[in-house]
Amino acid sequence: MLLLSFVTISLSSQNRGMVLIPSGSYKPFIKGQADQLKVEHFWMDEKAVTNAEFLDFVKANPKWSRAQVKRLFADQDYLSHWRTDFVDQNNSQQGNAPVVNVSWFAANAYCTWQGKRLPTLSEWEYAASALPQGSKDSSSLQEIIANWYSRRSQVENDAAAFYKSEFGLWDMYGKVWEWVYDFNSVQYNEDSRNMEESPEGLFCGSASLNANDASDYATFIRYAFRGSLKGDFTVRKLGFRCAKTIENQQ
Amino acid sequence: MKYLIVLTITALLLAGCNHKKEDVKSCCSKEANQKSTSDLKESLPGTSVYQLEYIWEVHDGKKLLMRQLAGKPVVLTMIFTHCEYACPMMVNDLKKIEANFSEEDRKLFTFVLVSFDHLRDTPERLKEYASSQGLGENWILLHGDADQVKELSVVLNISYEMQENGSFSHSNRKLVLDSQGTIVYSQEGLQTKSEPVVVALKRLLKG
């Protein structure tokens, strides 16, 4: 018992601002070998990394400032919404808004600096499948996504503004897209036909035909968007949050 | 209170681990050849693939920083040695490219094969593979951990995914880097024409 409580306490103190995502499974968008993909439990940031948080990282690691970042790791729009290299704000709300215009490399470096990592695609999709707290059917989630798509950019909202999910995560949908660690694990463009030993769903850009639910337009858009990214890209509506593996998994 | 003490000790232990890592780093960077490569890094263009910091294991047992490849053009691709279909074709493509150059000229550039398979493609395994494929001295095969393989793949825009049986689905891209590590040409596919790669290489060797 004493040991147990120690473990709990030590984990929670090391992971402030993170929530424990319990093991479970989700229905993958692309038809593969499995109907349900299993995901082991892990920690995830309860909200997207904010401008203020990212500024701390840049100050501590100036090689990730706008002036010093290597072009290999971020394109020319990196942090272009910041006032200067070391001032993240153009208005009073921006500090608490999700940081955007960050490349995969920068997001990866931030999480590593925090002793964390980017979530995998499976972890992100599984975590994002949790419904808003108190809601009972998936239409509430679809509604949030549909409303989001029909609004103009929301990047200046607080990172915790729209909804909290059953897992305790803020705004997996509704504000910004988020980087995942293995965003380049699958492709849906013409390159797919050159893939070796590919699952059938990946051949010849046929991903849409092999979708588990072809009417799930919102998800299709998300996968297509991910597939269009390169690691140095920075996008005005693309941010990230970090995850962490649970140590001593039995 | 007890928890706090345990926590503090844990934190100290963790900090100790980090410290150790730093020590290893700083010890090595003092060595003369490492120092020259860190000077070199400053002069590399921001777009150079050699901006990557990771240390790789070579099939001959040595360690290598990407920027130690600087100085000669490189033909780079990613494979895994348990691959039965695509990778032998890829290596074959590279051999065909090599065949366009005389024994003497082959020394002027390097073929670099980086493995996706951080679990099975140990340096020893890569060495066996190099000898079974008859790869000459201008070929370097690299092993790295999962994170550095991922980072390189993102830099090279090569997508891959590990399958449940431990093999990989992956795109087949070969890239030509100039002597500073900047990508000057890339070609997607298998059993591709050698000519564009040969032309890119010859242009670099002339310049």
# chains A, B, ... in the order shown; residues from 1 in each chain; ligands from 1
$ residues_around --residues "Phe73 (chain A)" --least-positions-apart "3" --cutoff "7 Å" --atoms "only C-alpha atoms" --output "NGL selection string"
:A and (69-70 or 103 or 105 or 232)
$ atom_distance --atom1 "CA of Phe240 (chain A)" --atom2 "CA of Pro22 (chain A)"
20.4 Å
$ closest_residue --among "B:Asn92, B:Ser153, B:Gln133, B:Thr81" --to "Leu119 (chain B)" --atoms "only C-alpha atoms"
B:Thr81
$ select_by_dssp --residues "region 73-165 of chain A" --states "strand (DSSP E or B)" --output "count of residues only"
7
$ residues_around --residues "region 174-176 of chain B" --least-positions-apart "4" --cutoff "10 Å" --atoms "only C-alpha atoms" --output "PyMOL selection string"
chain B and resi 73-78+90+93-94+110-113+156+158+181-190+197-198+200-201+204
$ residues_around --residues "Ser140 (chain A)" --least-positions-apart "4" --cutoff "12 Å" --atoms "only C-alpha atoms" --output "PDB file with C-alpha atoms, in the first residue's frame"
ATOM      1  CA  SER A 129     -11.982   9.385 -29.671  1.00  0.00           C
ATOM      2  CA  ALA A 130     -13.125  10.089 -26.091  1.00  0.00           C
ATOM      3  CA  LEU A 131     -16.435  11.937 -25.993  1.00  0.00           C
ATOM      4  CA  PRO A 132     -16.933  15.297 -24.313  1.00  0.00           C
ATOM      5  CA  GLN A 133     -17.587  14.908 -20.590  1.00  0.00           C
ATOM      6  CA  GLY A 134     -21.217  14.190 -19.849  1.00  0.00           C
ATOM      7  CA  SER A 135     -22.190  13.379 -23.397  1.00  0.00           C
ATOM      8  CA  LYS A 136     -23.467   9.949 -24.337  1.00  0.00           C
ATOM      9  CA  ILE A 144     -17.705  19.901 -32.400  1.00  0.00           C
ATOM     10  CA  ILE A 145     -15.574  18.924 -35.387  1.00  0.00           C
ATOM     11  CA  ALA A 146     -18.127  20.119 -37.933  1.00  0.00           C
ATOM     12  CA  ASN A 147     -18.486  23.454 -36.146  1.00  0.00           C
ATOM     13  CA  TYR A 163     -14.535  21.005 -24.333  1.00  0.00           C
ATOM     14  CA  SER A 165     -13.187  14.880 -22.839  1.00  0.00           C
ATOM     15  CA  TYR A 173     -10.718  18.967 -31.668  1.00  0.00           C
TER      16      TYR A 173
END
$ atom_distance --atom1 "CA of Lys116 (chain A)" --atom2 "CA of Thr245 (chain A)"
7.9 Å
$ interface_residues --of "chain B" --to "chain A" --cutoff "8 Å" --atoms "only C-alpha atoms" --output "list in words"
Tyr3, Leu7, Gly46, Thr47, Ser48, Val49, Gln51, Tyr85, Ala86, Lys150, Glu151, Val154, Val155, Asn157, Ile158, Ser159, Tyr160, Glu161, Phe168, Ser169, His170, Ser171, Asn172, Glu188, Gly189 and Leu190 of chain B
